[in-house]
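Note sheet for the following structure.
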Amino acid sequence: MKKYFLIILLALIALSLSSCTGQRVAATGWSEITIKEDIVYFSYGPQVYALNVKNGAQQWIYPVETETGKDFYAAPVFTEDETQLIVASYDSNLYSINPATGIENWSFTGAENRYIAAPLVTEQGIFAPSADNKLYGVDLDGIPLWEPFETGEPIWASPAWSESCGCIYVASMDHVLYAVSPETGSLLWKSEDLGGPIVSQPAVSESGLVIVSTFNNEIVALDEKSHRVEWRYNTPDWAWASPVIDGEQVYTSDLSGTFYALELETGNLIWQLQPGGSIVSAPLVQDGLIYFSTDTSSLVIVNTDGVVQRNLPIEGKLYASPASNGDIILLAPSEAEFFLIALNQNGTQIWGHPPAK
């Protein structure tokens with residue numbers, strides 16, 4: 001019970017309806033970031049923002065006036081043709097927004113519970129995981145493609161696409177990884193019980209391994225062809241963050257605050273470090289450096305040999321993954337003056353949003 005209370009505490013998704021009074025409890029989750037060229041799109045509470053990456057100037061805000069029940073934290077996701085920005089809400093709806101203007105195109109209202117994670121968007125459609133235990137598939141006009149695919153527990157993780165399998169991987173809190181057909185929404189195969197809830201997006205390698213982090217204190221690799229567990233790596237605490245594959249290495253972490261580099265094919269440890277603070281978000285890998293954030297207000301930068309280059313103090317807790325356009329690093333702190341900050345390559349803050357009054 002303590003572990004599951006920690007899930008709620010860390011995820012900060014206290015959104016509920018009181019059957020007695022109808023009073024709404026505000027959602028206070030953490031923001032996620034998407035960058036496209038010189039614009040950063042991010043969700044923060046009752047609104048979604050588009051800002052200029054270079055100077056933080058606001059391009060638009062959606063909705064212009066806040067609406068009761070709408071709360072956004074999952075990363076906005078572009079459609080393949082970049083004409084739509086899909087955002088998932090705690091009000092159980094998916095919204096399509098014009099990325100140039102912030103004007104709503106359409107909404108999908110079929111889910112029965114909130115969306116915790118961002119949808120997967122492919123040429124085949126939009127695939128949205130819900131806390132109602134279901135994966136919804138809709139086309140680019142928001143029309144359902146098939147009956148929702150149901151798992152045994154809520155789905156908090158974004159689905160992942162596999163080119164070799166031609167399928168969608170759905171990780172559920174019921175301890176199982178599912179392979180789902182994007183055309184029909186039917187089950188292609190599923191893993192054995194992996195021992196603990198999975199709350200982050202799987203990583204899929206070109207060699208046919210699917211890597212997942214579990215609350216069974218493990219990183220697990222499954223083979224796409226045999227559907228069997230290829231290797232397991234034990235961690236001292238829950239593995240929350242999505243693994244990231246870079247070449248022949250897998251970068252991952254756990255709630256003890258330990259960051260790991262593992263061999264992709266074997267799961268053997270290459271190096272590890274523990275700078276302090278729980279890690280709940282995936283790292284950013286860029287130009288031979290790895291950026292990851294901790295809930296003790298630090299952005300840690302290491303090279304691929306595990307040597308720390310910088311440990312930058314940041315105001316607020318860092319639950320969301322760092323993002324970058326190549327030159328600028330963006331962070332979305334919680335419990336801080338700014339809910340989005342931009343850093344240059346030296347770690348100096350360039351701007352923060354909202355701007356100082």
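Every chain in the structure tokens takes a letter, A first, then B, and so on in the order presented; its residues are numbered from 1, and the ligands are numbered from 1 following the presented order.
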Report task. Find the spatial neighbours of segment 161-176 of chain A, counting only C-alpha atoms, within a cut-off of 10 Å - ignore same-chain residues fewer than 5 positions away - and output them as JSON, numbers by chain. Result -> {"A": [120, 121, 122, 127, 128, 129, 131, 133, 134, 135, 149, 150, 151, 152, 153, 154, 155, 156, 181, 182, 183, 185, 187, 188, 189, 190, 191, 192, 193, 194, 195, 196, 197, 198, 199, 200, 201, 202, 203, 204, 205, 206, 207, 208, 209, 210, 212, 213, 214, 215, 216, 224, 225]}
For C-alpha atoms, I'd like the residues from the last selection saved as a PDB file, in the first residue's frame.
```
ATOM      1  CA  LEU A 120       1.240   7.507 -30.325  1.00  0.00           C
ATOM      2  CA  VAL A 121       0.626   9.058 -33.753  1.00  0.00           C
ATOM      3  CA  THR A 122       1.517   7.170 -36.941  1.00  0.00           C
ATOM      4  CA  PHE A 127      -3.456   5.571 -30.537  1.00  0.00           C
ATOM      5  CA  ALA A 128      -4.288   6.932 -27.097  1.00  0.00           C
ATOM      6  CA  PRO A 129      -3.800   5.085 -23.779  1.00  0.00           C
ATOM      7  CA  ALA A 131      -6.586   5.228 -17.289  1.00  0.00           C
ATOM      8  CA  ASN A 133      -7.650   0.358 -19.012  1.00  0.00           C
ATOM      9  CA  LYS A 134      -8.183   0.911 -22.740  1.00  0.00           C
ATOM     10  CA  LEU A 135      -6.213   1.876 -25.829  1.00  0.00           C
ATOM     11  CA  PHE A 149      -8.281  -2.582 -26.868  1.00  0.00           C
ATOM     12  CA  GLU A 150      -8.610  -3.436 -23.182  1.00  0.00           C
ATOM     13  CA  THR A 151      -5.965  -4.408 -20.622  1.00  0.00           C
ATOM     14  CA  GLY A 152      -6.342  -5.553 -17.028  1.00  0.00           C
ATOM     15  CA  GLU A 153      -5.314  -2.284 -15.361  1.00  0.00           C
ATOM     16  CA  PRO A 154      -4.911   1.422 -16.248  1.00  0.00           C
ATOM     17  CA  ILE A 155      -2.493   2.400 -19.014  1.00  0.00           C
ATOM     18  CA  TRP A 156      -0.197   5.241 -17.911  1.00  0.00           C
ATOM     19  CA  SER A 181      -2.502  -4.484 -34.554  1.00  0.00           C
ATOM     20  CA  PRO A 182      -2.908  -0.848 -35.684  1.00  0.00           C
ATOM     21  CA  GLU A 183      -5.326  -1.950 -38.423  1.00  0.00           C
ATOM     22  CA  GLY A 185      -6.950  -3.198 -32.639  1.00  0.00           C
ATOM     23  CA  LEU A 187      -4.015  -8.657 -29.866  1.00  0.00           C
ATOM     24  CA  LEU A 188      -1.028 -10.059 -31.778  1.00  0.00           C
ATOM     25  CA  TRP A 189       0.854 -11.331 -28.745  1.00  0.00           C
ATOM     26  CA  LYS A 190       1.493 -10.514 -25.118  1.00  0.00           C
ATOM     27  CA  SER A 191       4.285 -11.081 -22.638  1.00  0.00           C
ATOM     28  CA  GLU A 192       4.241 -13.152 -19.526  1.00  0.00           C
ATOM     29  CA  ASP A 193       3.464 -11.356 -16.265  1.00  0.00           C
ATOM     30  CA  LEU A 194       6.574  -9.195 -15.809  1.00  0.00           C
ATOM     31  CA  GLY A 195       6.142  -8.922 -12.048  1.00  0.00           C
ATOM     32  CA  GLY A 196       5.202  -5.262 -11.629  1.00  0.00           C
ATOM     33  CA  PRO A 197       3.313  -2.322 -13.141  1.00  0.00           C
ATOM     34  CA  ILE A 198       4.810  -0.610 -16.204  1.00  0.00           C
ATOM     35  CA  VAL A 199       4.138   3.148 -16.354  1.00  0.00           C
ATOM     36  CA  SER A 200       6.550   4.331 -19.053  1.00  0.00           C
ATOM     37  CA  GLN A 201       6.888   3.938 -22.804  1.00  0.00           C
ATOM     38  CA  PRO A 202       8.799   0.847 -23.997  1.00  0.00           C
ATOM     39  CA  ALA A 203      11.919   1.297 -26.135  1.00  0.00           C
ATOM     40  CA  VAL A 204      12.210  -0.753 -29.346  1.00  0.00           C
ATOM     41  CA  SER A 205      15.587  -1.587 -30.880  1.00  0.00           C
ATOM     42  CA  GLU A 206      16.391  -2.202 -34.545  1.00  0.00           C
ATOM     43  CA  SER A 207      17.636  -5.652 -33.547  1.00  0.00           C
ATOM     44  CA  GLY A 208      14.179  -6.675 -32.314  1.00  0.00           C
ATOM     45  CA  LEU A 209      14.325  -6.128 -28.560  1.00  0.00           C
ATOM     46  CA  VAL A 210      11.607  -4.354 -26.584  1.00  0.00           C
ATOM     47  CA  VAL A 212      10.600  -1.969 -20.477  1.00  0.00           C
ATOM     48  CA  SER A 213      11.066  -0.549 -16.984  1.00  0.00           C
ATOM     49  CA  THR A 214       8.966  -2.144 -14.243  1.00  0.00           C
ATOM     50  CA  PHE A 215       7.940  -1.607 -10.644  1.00  0.00           C
ATOM     51  CA  ASN A 216       9.310  -5.080  -9.986  1.00  0.00           C
ATOM     52  CA  GLU A 224       9.964  -9.486 -30.753  1.00  0.00           C
ATOM     53  CA  LYS A 225      10.114 -12.814 -32.604  1.00  0.00           C
TER      54      LYS A 225
END
```
Report task. Would you mind listing what lies within 9 Å of Ile211 of chain A as an NGL selection string, with only C-alpha atoms counted and same-chain residues fewer than 5 positions away left out? Result -> :A and (202-205 or 219-222 or 242-245 or 250 or 264)
Report task. Please indicate the distance in Å from atom CA of Leu140 of chain A to atom CA of Ile126 of chain A, rounded to one decimal place. Result ->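 Taking atom CA of Leu140 of chain A as the start and atom CA of Ile126 of chain A as the end point, the length is 6.9 Å.
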Report task. Check the smallest atom-to-atom distance from each of A:Thr252, A:Gln286, A:Asn311, A:Thr83 to Ala323 of chain A using only C-alpha atoms, then report the winner. Result ->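 Using only C-alpha atoms, the shortest distance to Ala323 of chain A belongs to A:Gln286.
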Query raised in the report: So which one's closest to Gln84 of chain A, A:Asn234, A:Trp30, A:Gly142, A:Ile279? Using only C-alpha atoms, please.
Result: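 For Gln84 of chain A, the nearest of the given residues is A:Gly142.
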Report task. Tell me, as a ChimeraX atom specification, which residues lie within 10 Å of segment 77-81 of chain A, counting only C-alpha atoms; anything in the same chain fewer than 4 positions away does not count. Result -> /A:33-36,41-42,85-88,96-99,118-126,140
Query - Spatial neighbours of Asp287 of chain A, 12 Å, only C-alpha atoms, chain gap at least 4 places, as a list in words - result: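 Those residues are Asp246, Tyr291, Ile301, Val302, Asn303, Thr304, Ser324, Asn325, Gly326, Asp327 and Gln345 of chain A.
If only C-alpha atoms are the atoms counted, then among A:Ile329, A:Leu262, A:Val307, A:Leu318 the closest residue to Ser278 of chain A is A:Leu318.
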**Report entry** All residues 10 Å or closer to Thr266 of chain A, only C-alpha atoms, same chain fewer than 5 positions away omitted, as a PyMOL selection string
**Finding:** chain A and resi 221+230-233+248-249
Report task. Grab the atom CA of Asp254 of chain A to atom CA of Val40 of chain A distance for me, in Å with one decimal place. Result ->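 Computing the Euclidean distance for atom CA of Asp254 of chain A and atom CA of Val40 of chain A yields 27.8 Å.
For the pair atom CA of Leu145 of chain A and atom CA of Ser89 of chain A, the interatomic distance is 20.0 Å.
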Query raised in the report: Between A:Asn344, A:Thr235, A:Ser321, A:Thr109, which has the minimum distance to Leu284 of chain A (counting only C-alpha atoms)?
Result: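 Closest to Leu284 of chain A of all the choices is A:Ser321.
Compared by their closest atoms to Ala100 of chain A, and using only C-alpha atoms, the residues A:Ala160, A:Ala75, A:Ile39, A:Ile143 rank with A:Ile39 nearest.
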Requested in this report: Do a neighbour search on segment 51-62 of chain A at 8 Å with only C-alpha atoms, toss out local chain neighbours closer than 5 positions, and write the hits as a PyMOL selection string.
Outcome: chain A and resi 38-41+101-103+328+342+350-353
Query raised in the report: DSSP on the backbone: what in segment 174-339 of chain A comes out strand (DSSP E), as a PyMOL selection string?
Result: chain A and resi 177-180+187-190+203-204+209-214+218-223+229-234+244-246+249-253+259-263+269-273+284-286+289-294+298-303+308-313+323-324+329-331
Restrict the selected residues to C-alpha atoms and save them as a PDB file, in the first residue's frame.
```
ATOM      1  CA  LEU A 177       3.337  -5.839 -22.485  1.00  0.00           C
ATOM      2  CA  TYR A 178       0.869  -6.185 -25.374  1.00  0.00           C
ATOM      3  CA  ALA A 179       1.490  -6.131 -29.129  1.00  0.00           C
ATOM      4  CA  VAL A 180      -1.578  -4.692 -30.870  1.00  0.00           C
ATOM      5  CA  LEU A 187      -4.015  -8.657 -29.866  1.00  0.00           C
ATOM      6  CA  LEU A 188      -1.028 -10.059 -31.778  1.00  0.00           C
ATOM      7  CA  TRP A 189       0.854 -11.331 -28.745  1.00  0.00           C
ATOM      8  CA  LYS A 190       1.493 -10.514 -25.118  1.00  0.00           C
ATOM      9  CA  ALA A 203      11.919   1.297 -26.135  1.00  0.00           C
ATOM     10  CA  VAL A 204      12.210  -0.753 -29.346  1.00  0.00           C
ATOM     11  CA  LEU A 209      14.325  -6.128 -28.560  1.00  0.00           C
ATOM     12  CA  VAL A 210      11.607  -4.354 -26.584  1.00  0.00           C
ATOM     13  CA  ILE A 211      12.943  -2.830 -23.351  1.00  0.00           C
ATOM     14  CA  VAL A 212      10.600  -1.969 -20.477  1.00  0.00           C
ATOM     15  CA  SER A 213      11.066  -0.549 -16.984  1.00  0.00           C
ATOM     16  CA  THR A 214       8.966  -2.144 -14.243  1.00  0.00           C
ATOM     17  CA  GLU A 218      13.774  -4.567 -13.107  1.00  0.00           C
ATOM     18  CA  ILE A 219      14.651  -3.554 -16.614  1.00  0.00           C
ATOM     19  CA  VAL A 220      13.354  -6.302 -18.919  1.00  0.00           C
ATOM     20  CA  ALA A 221      14.179  -7.019 -22.569  1.00  0.00           C
ATOM     21  CA  LEU A 222      11.785  -9.108 -24.666  1.00  0.00           C
ATOM     22  CA  ASP A 223      12.480 -10.586 -28.093  1.00  0.00           C
ATOM     23  CA  VAL A 229      12.292 -12.475 -21.993  1.00  0.00           C
ATOM     24  CA  GLU A 230      15.826 -12.117 -23.355  1.00  0.00           C
ATOM     25  CA  TRP A 231      17.384 -10.595 -20.248  1.00  0.00           C
ATOM     26  CA  ARG A 232      16.573  -8.876 -16.948  1.00  0.00           C
ATOM     27  CA  TYR A 233      18.555  -6.301 -15.013  1.00  0.00           C
ATOM     28  CA  ASN A 234      17.725  -5.880 -11.320  1.00  0.00           C
ATOM     29  CA  VAL A 244      16.486   5.114 -24.157  1.00  0.00           C
ATOM     30  CA  ILE A 245      18.442   3.107 -26.723  1.00  0.00           C
ATOM     31  CA  ASP A 246      21.528   4.738 -28.253  1.00  0.00           C
ATOM     32  CA  GLN A 249      23.697   0.931 -25.124  1.00  0.00           C
ATOM     33  CA  VAL A 250      20.517   1.334 -23.097  1.00  0.00           C
ATOM     34  CA  TYR A 251      20.237   4.250 -20.688  1.00  0.00           C
ATOM     35  CA  THR A 252      17.828   3.822 -17.824  1.00  0.00           C
ATOM     36  CA  SER A 253      17.294   4.658 -14.135  1.00  0.00           C
ATOM     37  CA  PHE A 259      21.399   6.001 -13.617  1.00  0.00           C
ATOM     38  CA  TYR A 260      22.605   3.024 -15.670  1.00  0.00           C
ATOM     39  CA  ALA A 261      24.235   2.295 -19.013  1.00  0.00           C
ATOM     40  CA  LEU A 262      23.538  -1.316 -20.056  1.00  0.00           C
ATOM     41  CA  GLU A 263      24.614  -3.415 -23.014  1.00  0.00           C
ATOM     42  CA  LEU A 269      26.090  -3.202 -16.729  1.00  0.00           C
ATOM     43  CA  ILE A 270      28.592  -0.886 -18.451  1.00  0.00           C
ATOM     44  CA  TRP A 271      28.565   1.882 -15.841  1.00  0.00           C
ATOM     45  CA  GLN A 272      26.319   3.513 -13.278  1.00  0.00           C
ATOM     46  CA  LEU A 273      26.235   6.666 -11.180  1.00  0.00           C
ATOM     47  CA  LEU A 284      17.942  13.199 -23.511  1.00  0.00           C
ATOM     48  CA  VAL A 285      20.867  11.906 -25.613  1.00  0.00           C
ATOM     49  CA  GLN A 286      22.483  14.493 -27.848  1.00  0.00           C
ATOM     50  CA  LEU A 289      26.150  13.719 -24.030  1.00  0.00           C
ATOM     51  CA  ILE A 290      23.349  12.399 -21.845  1.00  0.00           C
ATOM     52  CA  TYR A 291      21.064  14.821 -19.958  1.00  0.00           C
ATOM     53  CA  PHE A 292      18.821  13.586 -17.166  1.00  0.00           C
ATOM     54  CA  SER A 293      16.936  15.307 -14.382  1.00  0.00           C
ATOM     55  CA  THR A 294      16.220  14.471 -10.758  1.00  0.00           C
ATOM     56  CA  SER A 298      19.373  19.128 -10.687  1.00  0.00           C
ATOM     57  CA  LEU A 299      20.099  18.588 -14.356  1.00  0.00           C
ATOM     58  CA  VAL A 300      22.937  16.088 -14.698  1.00  0.00           C
ATOM     59  CA  ILE A 301      25.045  15.960 -17.866  1.00  0.00           C
ATOM     60  CA  VAL A 302      27.342  12.975 -18.452  1.00  0.00           C
ATOM     61  CA  ASN A 303      29.302  11.649 -21.414  1.00  0.00           C
ATOM     62  CA  VAL A 308      29.794  13.711 -15.128  1.00  0.00           C
ATOM     63  CA  GLN A 309      30.363  16.910 -17.098  1.00  0.00           C
ATOM     64  CA  ARG A 310      27.986  19.148 -15.146  1.00  0.00           C
ATOM     65  CA  ASN A 311      25.483  18.911 -12.310  1.00  0.00           C
ATOM     66  CA  LEU A 312      23.367  22.045 -12.648  1.00  0.00           C
ATOM     67  CA  PRO A 313      21.107  23.189  -9.792  1.00  0.00           C
ATOM     68  CA  ALA A 323      14.136  18.531 -24.434  1.00  0.00           C
ATOM     69  CA  SER A 324      16.328  20.296 -26.975  1.00  0.00           C
ATOM     70  CA  ILE A 329      17.917  22.807 -23.495  1.00  0.00           C
ATOM     71  CA  LEU A 330      14.367  23.117 -22.183  1.00  0.00           C
ATOM     72  CA  LEU A 331      13.179  22.011 -18.749  1.00  0.00           C
TER      73      LEU A 331
END
```
